[in-house]
Amino acid sequence: MRVSVSWLREYVDLPADLPAGDLEQALVGLGIEVESVVDLRETVTGQLVVGEVREIEELTGFKKPIRFCRVDVGDANGTGEPQEIVCGARNFAPGDRVVVILPGGVLPGGFAIGARKTYGRNSNGMICSAKELGLGDDHSGIIVLPEDTPAKPGDDARPVVGLDDVVVELEITPDRGYAMSLRGLARELSHTLGVPFRDPGLAPAPGGTEAPAYPVEVRDTVGCDRFAARLVRGVDPTAATPGWMQRRLTVAGIRSISLPVDITNYVMLELGQPMHAFDADRIAGPLVVRRAEPGEKLTTLDGVTRALAPEDMVICDDTGPISLAAVMGGETSEVVAGTTDVLFEAAHWDPVMVGRTARRHRLFSEAAKRWERGVDPALPLVAIARAVRLLTEHAGGTAGDEILDIDHVRPRTPVVLPVDLPTRRIGVTYPPARVVALLEQVGCTVAHGADRLGEDPGEVGVAAGDGAALTVTPPTWRPDLTDPADLVEEVVRLDGYDRVPSVLPTAPPGRGLTWQQRRRRAVARSLAERGYVEVLAHPFVAPELADQLGLPEGDPRRQAVRLANPLSEEEPLLRTTLLGPLLGIVKRNLGRGQRDLALYEIGAVFHPRPGAGRPPAMGVDRRPSDEEFAAADAVVPDQPRHVAVVLTGDVEPAGWWGAGRPAGWADAVEAGRDVLAAADIPAHRIEVRAAEYAPWHPGRCAELLVDGTVVGHAGELHPAVLAALELPRRTSALELDLDALPAAPVASGPAVSGFPPALIDVALVVDESVPAAQVQRALVEGAGELLEGVRLFDVYASEQLGAGRKSLAYKLTFRAPDRTLTVEEAVAARDAAVARAAERFGATLRGA
């Protein structure tokens, strides 16, 4: 939001010598984010003058229309002769007065202006648009000054277009809707600077009459709890918007359209009340305010035909919807060049409805931005009176005596505030009288009678006895004040955030990271050290993801939590597996030219708890009890932490040293082993065996078990899944439930032997269905205590071994802690290991 300081001064007595830095600091201290404070006098250097267009010659033969103009700039060019300027804009004619920057000047952004030859003609300077002068975003045409502008050719154009002002650009947070108006900002500055404030929202306005200004029926008083309207007849359709109003709108970044429309925008900026102007002659029959019906459509003022949703509020006449309420009007009833009868409408709409409608239609108008942040329901009649007065003053016409005011606004609910709550919450002493004064300064009505606080009602002071409380009724323009915590925040904000000391709490001893946190960090570090790149995916997924992953019917992962207010209607579900969003990131990277990817994510998945009911209502005035926490936690979806890995492309790059190695299912399985090792799970408690589990390839999928419990799956993804997600063949993945892993046992220091090892290799032939991990476990059991280590280093299959047979080669390391082993001892241990494998799996020594 952009506002000029000169406009602010109409409502608040800012010091004449207030530095820009002090103004910025005052706004920041109020919790309002300041994007910039710009002195417009310093943004344009050189000669910026008023010019009058004398002649226009249309140049042809170019790709776009070009005009060669002769512009009278008085004596500013030193010759008194018209200035020759080439311009591409089409919105001006001979006799119009425009803004010209002469050679040597510099526009915002460091754009220097000189004399040059272009399109075959000499161009000495430039005719400027609002965007080129930094006054707004409108670049559709150059600035044409109103006819009533007193400046003559050659005069300095800065005061004419508002470049003699200071402009403040603000980023208004969602809880500060009242600050999206001059009224709200002026009130805030009056608080922090201690200067008088004149509230334009308290201007006298006539109330509603028995006879309505126009027949209107409001069918949904929840979506629209107040609707006001007034008709002005006989307006001069040729009346132009006064220059001062155009300049203020331009500085605010709003394009001037027509006088009635400009007035609605001006009142919106001034009071914070969005309005709409209808051409009364283009409305067919009475108006109806209701929810949209299935199949209805509306062409809005931006020329887009929109399919309406049942939640949308619309204003209708006999032809159907003519306005998307609170967001944008429709084409069929807009004010046009010949409009003589104007119907002004000002209403109060449900902010939740407006926010959802704006997002659904991707239509974030200035009105919608204010409505979803909250608008004062007491403003409609004041805004109507202000708009009618401006229109009749500048375009004539007769304001109707009838005023429509359909009012269903509920009174504000008082909030009970313990008088010592600000002191207890913030740690700064706020005397009761100070709390009352600050809340009343905001506009709250505070009841602090003697029966409640033990004080004489006539005294200003308030005693903070045990249980003393204030009954605070927030003002109509502060819909964000609903709880005691909100009032505490107001006390702190107005008293000054700088008075709150910055004291870091002392960390209690012995409370570092939990073992679960240390485990997650160890797993992340282990994967990163092995070349995997961590990503953070959005936890939201589309309903069709389950089908794309090939999850069978009845799979628990198909039961997902649906969000009541999703960021995107296309992804309304919370993920039940990390693989969906992670594979989406892989696809996005592939689309940007990344072919070799090794990504991982550690995050929560969400499993619903059917039949859990609704959580208990918990306020913010106190800490919930343990029972309330437990009841709420029983409703919250189960959220175990998972780790997932995806690999595609080459895991080892090719180069002059030779061919690379593509990633495969074995790399995903090894990633699972690395995760378990980083989690300090001993190898003898881990088992890897073949499995069938979507979305993995049934013949290339392994399940990982710890103490006989499945904790994850790894392998190559199913070809159908890869085709559905448009991913390369052989893409492999791992997903493992970190929360399902048992706590790591207490590690004891290994015994280190100083005696040499005995290394023996064995190759065992077994059925191809026998898992290598189980054969390794049998070797360990049979070898006994002398076996120090065993490692699978080769898997071989051929016709010589026989159909359905494979060879597993292991490297066995034997060592004794107290002596050097003899050959006989090592061979005996080897034979015992082979015998156990033969007994359990029918293994035979290869070549024996």
# chains A, B, ... in the order shown; residues from 1 in each chain; ligands from 1

$ select_by_dssp --residues "region 46-285 of chain A" --states "strand (DSSP E or B)" --output "PyMOL selection string"
chain A and resi 48-59+66-72+83-87+97-101+106-107+111-112+115-118+121-124+126-127+129+142+144+156+166-171+197+216-218+224-233+276-279

$ residues_around --residues "Arg219 (chain A)" --least-positions-apart "2" --cutoff "12 Å" --atoms "only C-alpha atoms" --output "list in words"
Val216, Glu217, Thr221, Val222, Gly223, Cys224, Asp225, Arg226, Phe227, Leu287, Val288, Val289, Arg290, Arg291, Ala292, Met313, Val314, Ile315, Cys316, Ile406 and His408 of chain A

$ residues_around --residues "Met328 (chain A)" --least-positions-apart "6" --cutoff "10 Å" --atoms "only C-alpha atoms" --output "PDB file with C-alpha atoms, in the first residue's frame"
ATOM      1  CA  HIS A 276     -19.109  -0.223  -5.946  1.00  0.00           C
ATOM      2  CA  THR A 299     -18.119 -11.770 -16.748  1.00  0.00           C
ATOM      3  CA  THR A 300     -16.204  -9.467 -14.403  1.00  0.00           C
ATOM      4  CA  LEU A 301     -14.801  -6.036 -15.151  1.00  0.00           C
ATOM      5  CA  ASP A 302     -11.490  -7.531 -16.268  1.00  0.00           C
ATOM      6  CA  VAL A 314     -23.177 -12.442  -5.802  1.00  0.00           C
ATOM      7  CA  ILE A 322     -24.132  -8.727 -12.078  1.00  0.00           C
ATOM      8  CA  ALA A 358     -10.549 -14.337  -4.207  1.00  0.00           C
ATOM      9  CA  LEU A 363      -8.717 -12.322  -8.314  1.00  0.00           C
ATOM     10  CA  PHE A 364      -6.938 -10.340  -5.601  1.00  0.00           C
ATOM     11  CA  SER A 365      -8.536  -6.944  -6.067  1.00  0.00           C
ATOM     12  CA  GLU A 366      -7.873  -4.010  -3.754  1.00  0.00           C
ATOM     13  CA  ALA A 367     -11.361  -4.509  -2.296  1.00  0.00           C
ATOM     14  CA  ALA A 368     -10.806  -8.217  -1.633  1.00  0.00           C
TER      15      ALA A 368
END

$ closest_atom_pairs --of "region 312-379 of chain A" --to "region 233-257 of chain A" --cutoff "8 Å" --atoms "only C-alpha atoms" --output "tab-separated table"
residue	atom	partner	partner_atom	distance
A:Ala337	CA	A:Pro237	CA	6.2
A:Gly338	CA	A:Pro237	CA	5.4
A:Thr339	CA	A:Pro237	CA	5.6
A:Thr340	CA	A:Val235	CA	4.5
A:Asp341	CA	A:Arg233	CA	4.4
A:Val342	CA	A:Arg233	CA	6.5

$ write_last_selection --atoms "all heavy atoms" --output "PDB file, in the first residue's frame"
ATOM      1  N   ALA A 337     -19.374   5.439 -20.291  1.00  0.00           N
ATOM      2  CA  ALA A 337     -19.167   6.850 -20.655  1.00  0.00           C
ATOM      3  C   ALA A 337     -20.464   7.659 -20.601  1.00  0.00           C
ATOM      4  O   ALA A 337     -20.427   8.864 -20.337  1.00  0.00           O
ATOM      5  CB  ALA A 337     -18.544   6.931 -22.046  1.00  0.00           C
ATOM      6  N   GLY A 338     -21.606   7.027 -20.844  1.00  0.00           N
ATOM      7  CA  GLY A 338     -22.861   7.780 -20.861  1.00  0.00           C
ATOM      8  C   GLY A 338     -23.683   7.644 -19.608  1.00  0.00           C
ATOM      9  O   GLY A 338     -24.866   8.037 -19.601  1.00  0.00           O
ATOM     10  N   THR A 339     -23.124   7.153 -18.537  1.00  0.00           N
ATOM     11  CA  THR A 339     -23.883   6.942 -17.303  1.00  0.00           C
ATOM     12  C   THR A 339     -24.323   8.272 -16.697  1.00  0.00           C
ATOM     13  O   THR A 339     -23.502   9.174 -16.498  1.00  0.00           O
ATOM     14  CB  THR A 339     -23.034   6.154 -16.286  1.00  0.00           C
ATOM     15  OG1 THR A 339     -22.748   4.862 -16.811  1.00  0.00           O
ATOM     16  CG2 THR A 339     -23.775   6.006 -14.973  1.00  0.00           C
ATOM     17  N   THR A 340     -25.612   8.376 -16.386  1.00  0.00           N
ATOM     18  CA  THR A 340     -26.138   9.586 -15.747  1.00  0.00           C
ATOM     19  C   THR A 340     -26.744   9.301 -14.376  1.00  0.00           C
ATOM     20  O   THR A 340     -26.857  10.208 -13.549  1.00  0.00           O
ATOM     21  CB  THR A 340     -27.206  10.239 -16.632  1.00  0.00           C
ATOM     22  OG1 THR A 340     -28.250   9.290 -16.887  1.00  0.00           O
ATOM     23  CG2 THR A 340     -26.603  10.696 -17.956  1.00  0.00           C
ATOM     24  N   ASP A 341     -27.155   8.056 -14.128  1.00  0.00           N
ATOM     25  CA  ASP A 341     -27.744   7.683 -12.832  1.00  0.00           C
ATOM     26  C   ASP A 341     -26.828   6.646 -12.189  1.00  0.00           C
ATOM     27  O   ASP A 341     -26.647   5.543 -12.720  1.00  0.00           O
ATOM     28  CB  ASP A 341     -29.143   7.096 -13.002  1.00  0.00           C
ATOM     29  CG  ASP A 341     -30.137   8.129 -13.536  1.00  0.00           C
ATOM     30  OD1 ASP A 341     -29.815   9.331 -13.470  1.00  0.00           O
ATOM     31  OD2 ASP A 341     -31.197   7.727 -14.027  1.00  0.00           O
ATOM     32  N   VAL A 342     -26.259   7.012 -11.026  1.00  0.00           N
ATOM     33  CA  VAL A 342     -25.272   6.173 -10.359  1.00  0.00           C
ATOM     34  C   VAL A 342     -25.838   5.670  -9.039  1.00  0.00           C
ATOM     35  O   VAL A 342     -26.329   6.460  -8.228  1.00  0.00           O
ATOM     36  CB  VAL A 342     -23.960   6.950 -10.102  1.00  0.00           C
ATOM     37  CG1 VAL A 342     -22.962   6.069  -9.352  1.00  0.00           C
ATOM     38  CG2 VAL A 342     -23.356   7.424 -11.414  1.00  0.00           C
TER      39      VAL A 342
END

$ atom_distance --atom1 "CA of Pro637 (chain A)" --atom2 "CA of Thr576 (chain A)"
10.6 Å

$ atom_distance --atom1 "CA of Glu372 (chain A)" --atom2 "CA of Gln273 (chain A)"
12.2 Å

$ residues_around --residues "region 414-416 of chain A" --least-positions-apart "5" --cutoff "7 Å" --atoms "only C-alpha atoms" --output "list in words"
Ala469, Leu470, Thr471, Val472, Thr473, Thr482, Asp483 and Pro484 of chain A

$ write_last_selection --atoms "all heavy atoms" --output "compact mmCIF listing (two decimals), in the first residue's frame"
# COMPACT_ATOMS: atom_id res chain seq x y z
N ALA A 469 -10.42 -7.64 37.16
CA ALA A 469 -10.50 -7.82 35.71
C ALA A 469 -11.18 -6.63 35.08
O ALA A 469 -11.96 -5.91 35.71
CB ALA A 469 -11.24 -9.11 35.36
N LEU A 470 -10.87 -6.40 33.81
CA LEU A 470 -11.49 -5.35 33.01
C LEU A 470 -12.43 -6.01 32.01
O LEU A 470 -12.13 -7.07 31.46
CB LEU A 470 -10.43 -4.55 32.25
CG LEU A 470 -9.31 -3.91 33.07
CD1 LEU A 470 -8.26 -3.31 32.15
CD2 LEU A 470 -9.88 -2.86 34.00
N THR A 471 -13.54 -5.37 31.75
CA THR A 471 -14.45 -5.81 30.69
C THR A 471 -14.25 -4.87 29.51
O THR A 471 -14.61 -3.68 29.60
CB THR A 471 -15.90 -5.80 31.16
OG1 THR A 471 -16.03 -6.68 32.28
CG2 THR A 471 -16.83 -6.28 30.05
N VAL A 472 -13.66 -5.39 28.45
CA VAL A 472 -13.22 -4.56 27.33
C VAL A 472 -14.07 -4.88 26.11
O VAL A 472 -14.18 -6.04 25.70
CB VAL A 472 -11.73 -4.81 27.00
CG1 VAL A 472 -11.27 -3.92 25.87
CG2 VAL A 472 -10.87 -4.60 28.25
N THR A 473 -14.69 -3.85 25.54
CA THR A 473 -15.45 -4.00 24.29
C THR A 473 -14.63 -3.38 23.17
O THR A 473 -14.46 -2.16 23.13
CB THR A 473 -16.81 -3.33 24.38
OG1 THR A 473 -17.54 -3.88 25.50
CG2 THR A 473 -17.60 -3.55 23.10
N THR A 482 -10.19 -10.27 19.83
CA THR A 482 -11.22 -11.21 20.26
C THR A 482 -10.87 -11.95 21.55
O THR A 482 -11.74 -12.58 22.14
CB THR A 482 -11.48 -12.26 19.18
OG1 THR A 482 -10.26 -12.97 18.90
CG2 THR A 482 -11.98 -11.61 17.89
N ASP A 483 -9.61 -11.91 21.98
CA ASP A 483 -9.17 -12.66 23.15
C ASP A 483 -8.32 -11.77 24.05
O ASP A 483 -7.80 -10.73 23.62
CB ASP A 483 -8.32 -13.87 22.72
CG ASP A 483 -9.15 -14.91 21.98
OD1 ASP A 483 -9.94 -15.58 22.64
OD2 ASP A 483 -9.00 -15.03 20.75
N PRO A 484 -8.18 -12.17 25.31
CA PRO A 484 -7.31 -11.40 26.20
C PRO A 484 -5.89 -11.24 25.66
O PRO A 484 -5.26 -10.19 25.84
CB PRO A 484 -7.33 -12.21 27.50
CG PRO A 484 -8.63 -12.93 27.48
CD PRO A 484 -8.89 -13.24 26.05

$ closest_residue --among "A:Ala604, A:Leu717, A:Leu259, A:Leu812" --to "Val762 (chain A)" --atoms "only C-alpha atoms"
A:Leu812

$ select_by_dssp --residues "region 355-510 of chain A" --states "helix (DSSP H, G or I)" --output "ChimeraX atom specification"
/A:355-361,366-371,380-395,421-426,432-442,450-453,484-495,497-499

$ residues_around --residues "Asp199 (chain A)" --least-positions-apart "4" --cutoff "9 Å" --atoms "only C-alpha atoms" --output "ChimeraX atom specification"
/A:11-12,183-184,186-187,203

$ residues_around --residues "Gln776 (chain A)" --least-positions-apart "5" --cutoff "12 Å" --atoms "only C-alpha atoms" --output "JSON, numbers by chain"
{"A": [683, 684, 686, 687, 688, 762, 763, 764, 770, 771, 781, 782, 783, 787, 789, 790, 791, 792, 793, 808, 809, 810, 811, 812, 833, 834, 836, 837, 838, 840, 841, 843]}

$ residues_around --residues "Leu8 (chain A)" --least-positions-apart "6" --cutoff "12 Å" --atoms "only C-alpha atoms" --output "list in words"
Arg2, Leu14, Pro15, Leu23, Asp165, Val166, Val167, Val168, Ser181, Leu182, Arg183, Gly184, Leu185, Ala186, Arg187, Glu188, Leu189, Ser190, Phe197, Arg198, Asp199, Pro200, Arg248, Leu269, Glu270 and Leu271 of chain A

$ write_last_selection --atoms "N, CA and C atoms" --output "tab-separated table (two decimals), in the first residue's frame"
chain	number	residue	atom	x	y	z
A	2	ARG	N	0.56	2.20	-0.90
A	2	ARG	CA	1.33	3.43	-1.00
A	2	ARG	C	0.43	4.60	-0.60
A	14	LEU	N	0.77	15.78	11.79
A	14	LEU	CA	2.18	15.39	11.82
A	14	LEU	C	3.04	16.63	11.96
A	15	PRO	N	4.12	16.58	12.73
A	15	PRO	CA	5.02	17.75	12.83
A	15	PRO	C	5.52	18.16	11.45
A	23	LEU	N	9.49	9.11	10.80
A	23	LEU	CA	8.19	8.59	10.39
A	23	LEU	C	8.26	7.08	10.20
A	165	ASP	N	6.02	15.51	-2.90
A	165	ASP	CA	5.48	14.87	-1.70
A	165	ASP	C	6.43	13.77	-1.23
A	166	VAL	N	6.11	13.20	-0.06
A	166	VAL	CA	6.82	12.03	0.46
A	166	VAL	C	5.83	10.86	0.43
A	167	VAL	N	6.25	9.74	-0.15
A	167	VAL	CA	5.39	8.58	-0.30
A	167	VAL	C	5.92	7.45	0.57
A	168	VAL	N	5.02	6.85	1.34
A	168	VAL	CA	5.38	5.73	2.20
A	168	VAL	C	4.74	4.47	1.61
A	181	SER	N	-5.92	1.93	5.18
A	181	SER	CA	-6.67	3.15	4.89
A	181	SER	C	-5.94	4.32	5.50
A	182	LEU	N	-6.21	5.51	4.97
A	182	LEU	CA	-5.65	6.72	5.57
A	182	LEU	C	-6.20	6.91	6.97
A	183	ARG	N	-7.45	6.55	7.17
A	183	ARG	CA	-8.06	6.68	8.49
A	183	ARG	C	-7.31	5.85	9.53
A	184	GLY	N	-7.03	4.60	9.21
A	184	GLY	CA	-6.34	3.73	10.16
A	184	GLY	C	-4.91	4.15	10.42
A	185	LEU	N	-4.18	4.52	9.36
A	185	LEU	CA	-2.79	4.92	9.53
A	185	LEU	C	-2.69	6.22	10.33
A	186	ALA	N	-3.59	7.16	10.05
A	186	ALA	CA	-3.56	8.43	10.79
A	186	ALA	C	-3.83	8.19	12.27
A	187	ARG	N	-4.78	7.31	12.58
A	187	ARG	CA	-5.07	7.02	13.98
A	187	ARG	C	-3.84	6.41	14.66
A	188	GLU	N	-3.17	5.47	13.99
A	188	GLU	CA	-2.00	4.83	14.56
A	188	GLU	C	-0.88	5.84	14.83
A	189	LEU	N	-0.66	6.73	13.85
A	189	LEU	CA	0.41	7.72	14.03
A	189	LEU	C	0.07	8.71	15.13
A	190	SER	N	-1.21	9.00	15.31
A	190	SER	CA	-1.57	9.91	16.39
A	190	SER	C	-1.24	9.29	17.74
A	197	PHE	N	-5.84	13.74	16.13
A	197	PHE	CA	-6.33	12.92	15.03
A	197	PHE	C	-7.78	13.29	14.75
A	198	ARG	N	-8.12	13.47	13.48
A	198	ARG	CA	-9.48	13.76	13.06
A	198	ARG	C	-10.02	12.55	12.30
A	199	ASP	N	-10.98	11.87	12.88
A	199	ASP	CA	-11.47	10.61	12.33
A	199	ASP	C	-12.52	10.86	11.25
A	200	PRO	N	-12.20	10.61	9.97
A	200	PRO	CA	-13.21	10.81	8.93
A	200	PRO	C	-14.34	9.79	9.01
A	248	ARG	N	-3.66	11.68	-6.20
A	248	ARG	CA	-3.62	10.81	-5.02
A	248	ARG	C	-3.84	9.34	-5.41
A	269	LEU	N	-9.63	4.14	-0.16
A	269	LEU	CA	-8.31	4.47	0.39
A	269	LEU	C	-8.43	5.35	1.62
A	270	GLU	N	-9.39	6.26	1.60
A	270	GLU	CA	-9.55	7.21	2.70
A	270	GLU	C	-10.10	6.55	3.96
A	271	LEU	N	-11.20	5.80	3.81
A	271	LEU	CA	-11.89	5.24	4.98
A	271	LEU	C	-11.59	3.76	5.20

$ atom_distance --atom1 "CA of Arg478 (chain A)" --atom2 "CA of Pro616 (chain A)"
27.1 Å

$ decode --residues "region 29-39 of chain A" --atoms "all heavy atoms" --output "PDB file, in the first residue's frame"
ATOM      1  N   GLY A  29       7.598   0.866  14.881  1.00  0.00           N
ATOM      2  CA  GLY A  29       7.304   0.651  16.288  1.00  0.00           C
ATOM      3  C   GLY A  29       5.870   0.237  16.545  1.00  0.00           C
ATOM      4  O   GLY A  29       5.572  -0.395  17.561  1.00  0.00           O
ATOM      5  N   LEU A  30       4.976   0.562  15.618  1.00  0.00           N
ATOM      6  CA  LEU A  30       3.578   0.164  15.740  1.00  0.00           C
ATOM      7  C   LEU A  30       3.325  -1.226  15.180  1.00  0.00           C
ATOM      8  O   LEU A  30       2.187  -1.710  15.206  1.00  0.00           O
ATOM      9  CB  LEU A  30       2.690   1.171  15.004  1.00  0.00           C
ATOM     10  CG  LEU A  30       2.569   2.550  15.649  1.00  0.00           C
ATOM     11  CD1 LEU A  30       1.978   3.546  14.658  1.00  0.00           C
ATOM     12  CD2 LEU A  30       1.705   2.474  16.900  1.00  0.00           C
ATOM     13  N   GLY A  31       4.363  -1.865  14.653  1.00  0.00           N
ATOM     14  CA  GLY A  31       4.192  -3.199  14.081  1.00  0.00           C
ATOM     15  C   GLY A  31       3.783  -3.180  12.630  1.00  0.00           C
ATOM     16  O   GLY A  31       3.313  -4.194  12.106  1.00  0.00           O
ATOM     17  N   ILE A  32       3.950  -2.053  11.944  1.00  0.00           N
ATOM     18  CA  ILE A  32       3.603  -1.930  10.528  1.00  0.00           C
ATOM     19  C   ILE A  32       4.899  -1.965   9.721  1.00  0.00           C
ATOM     20  O   ILE A  32       5.798  -1.143   9.931  1.00  0.00           O
ATOM     21  CB  ILE A  32       2.828  -0.631  10.246  1.00  0.00           C
ATOM     22  CG1 ILE A  32       1.523  -0.634  11.044  1.00  0.00           C
ATOM     23  CG2 ILE A  32       2.552  -0.470   8.761  1.00  0.00           C
ATOM     24  CD1 ILE A  32       0.739   0.654  10.947  1.00  0.00           C
ATOM     25  N   GLU A  33       4.987  -2.910   8.800  1.00  0.00           N
ATOM     26  CA  GLU A  33       6.222  -3.090   8.022  1.00  0.00           C
ATOM     27  C   GLU A  33       6.319  -2.010   6.950  1.00  0.00           C
ATOM     28  O   GLU A  33       5.406  -1.830   6.137  1.00  0.00           O
ATOM     29  CB  GLU A  33       6.228  -4.473   7.377  1.00  0.00           C
ATOM     30  CG  GLU A  33       7.498  -4.777   6.608  1.00  0.00           C
ATOM     31  CD  GLU A  33       7.502  -6.168   6.018  1.00  0.00           C
ATOM     32  OE1 GLU A  33       6.645  -6.975   6.424  1.00  0.00           O
ATOM     33  OE2 GLU A  33       8.351  -6.444   5.155  1.00  0.00           O
ATOM     34  N   VAL A  34       7.422  -1.297   6.930  1.00  0.00           N
ATOM     35  CA  VAL A  34       7.654  -0.219   5.966  1.00  0.00           C
ATOM     36  C   VAL A  34       8.578  -0.729   4.870  1.00  0.00           C
ATOM     37  O   VAL A  34       9.719  -1.118   5.130  1.00  0.00           O
ATOM     38  CB  VAL A  34       8.266   1.017   6.655  1.00  0.00           C
ATOM     39  CG1 VAL A  34       8.516   2.117   5.630  1.00  0.00           C
ATOM     40  CG2 VAL A  34       7.356   1.514   7.768  1.00  0.00           C
ATOM     41  N   GLU A  35       8.062  -0.771   3.637  1.00  0.00           N
ATOM     42  CA  GLU A  35       8.892  -1.181   2.504  1.00  0.00           C
ATOM     43  C   GLU A  35       9.848  -0.067   2.104  1.00  0.00           C
ATOM     44  O   GLU A  35      11.019  -0.321   1.823  1.00  0.00           O
ATOM     45  CB  GLU A  35       7.996  -1.562   1.323  1.00  0.00           C
ATOM     46  CG  GLU A  35       7.144  -2.800   1.536  1.00  0.00           C
ATOM     47  CD  GLU A  35       7.947  -4.074   1.434  1.00  0.00           C
ATOM     48  OE1 GLU A  35       9.047  -4.039   0.856  1.00  0.00           O
ATOM     49  OE2 GLU A  35       7.483  -5.111   1.939  1.00  0.00           O
ATOM     50  N   SER A  36       9.356   1.165   2.056  1.00  0.00           N
ATOM     51  CA  SER A  36      10.212   2.283   1.656  1.00  0.00           C
ATOM     52  C   SER A  36       9.547   3.594   2.045  1.00  0.00           C
ATOM     53  O   SER A  36       8.326   3.682   2.197  1.00  0.00           O
ATOM     54  CB  SER A  36      10.471   2.270   0.138  1.00  0.00           C
ATOM     55  OG  SER A  36       9.261   2.436  -0.577  1.00  0.00           O
ATOM     56  N   VAL A  37      10.380   4.622   2.239  1.00  0.00           N
ATOM     57  CA  VAL A  37       9.926   6.000   2.406  1.00  0.00           C
ATOM     58  C   VAL A  37      10.679   6.815   1.361  1.00  0.00           C
ATOM     59  O   VAL A  37      11.903   6.940   1.426  1.00  0.00           O
ATOM     60  CB  VAL A  37      10.207   6.539   3.822  1.00  0.00           C
ATOM     61  CG1 VAL A  37       9.740   7.983   3.944  1.00  0.00           C
ATOM     62  CG2 VAL A  37       9.517   5.671   4.876  1.00  0.00           C
ATOM     63  N   VAL A  38       9.937   7.332   0.398  1.00  0.00           N
ATOM     64  CA  VAL A  38      10.565   7.964  -0.760  1.00  0.00           C
ATOM     65  C   VAL A  38      10.161   9.432  -0.820  1.00  0.00           C
ATOM     66  O   VAL A  38       8.960   9.757  -0.813  1.00  0.00           O
ATOM     67  CB  VAL A  38      10.152   7.254  -2.071  1.00  0.00           C
ATOM     68  CG1 VAL A  38      10.814   7.936  -3.266  1.00  0.00           C
ATOM     69  CG2 VAL A  38      10.535   5.787  -2.018  1.00  0.00           C
ATOM     70  N   ASP A  39      11.176  10.317  -0.867  1.00  0.00           N
ATOM     71  CA  ASP A  39      10.939  11.734  -1.117  1.00  0.00           C
ATOM     72  C   ASP A  39      10.896  11.910  -2.634  1.00  0.00           C
ATOM     73  O   ASP A  39      11.922  11.842  -3.315  1.00  0.00           O
ATOM     74  CB  ASP A  39      12.059  12.578  -0.502  1.00  0.00           C
ATOM     75  CG  ASP A  39      11.766  14.069  -0.571  1.00  0.00           C
ATOM     76  OD1 ASP A  39      10.907  14.470  -1.390  1.00  0.00           O
ATOM     77  OD2 ASP A  39      12.395  14.847   0.168  1.00  0.00           O
TER      78      ASP A  39
END
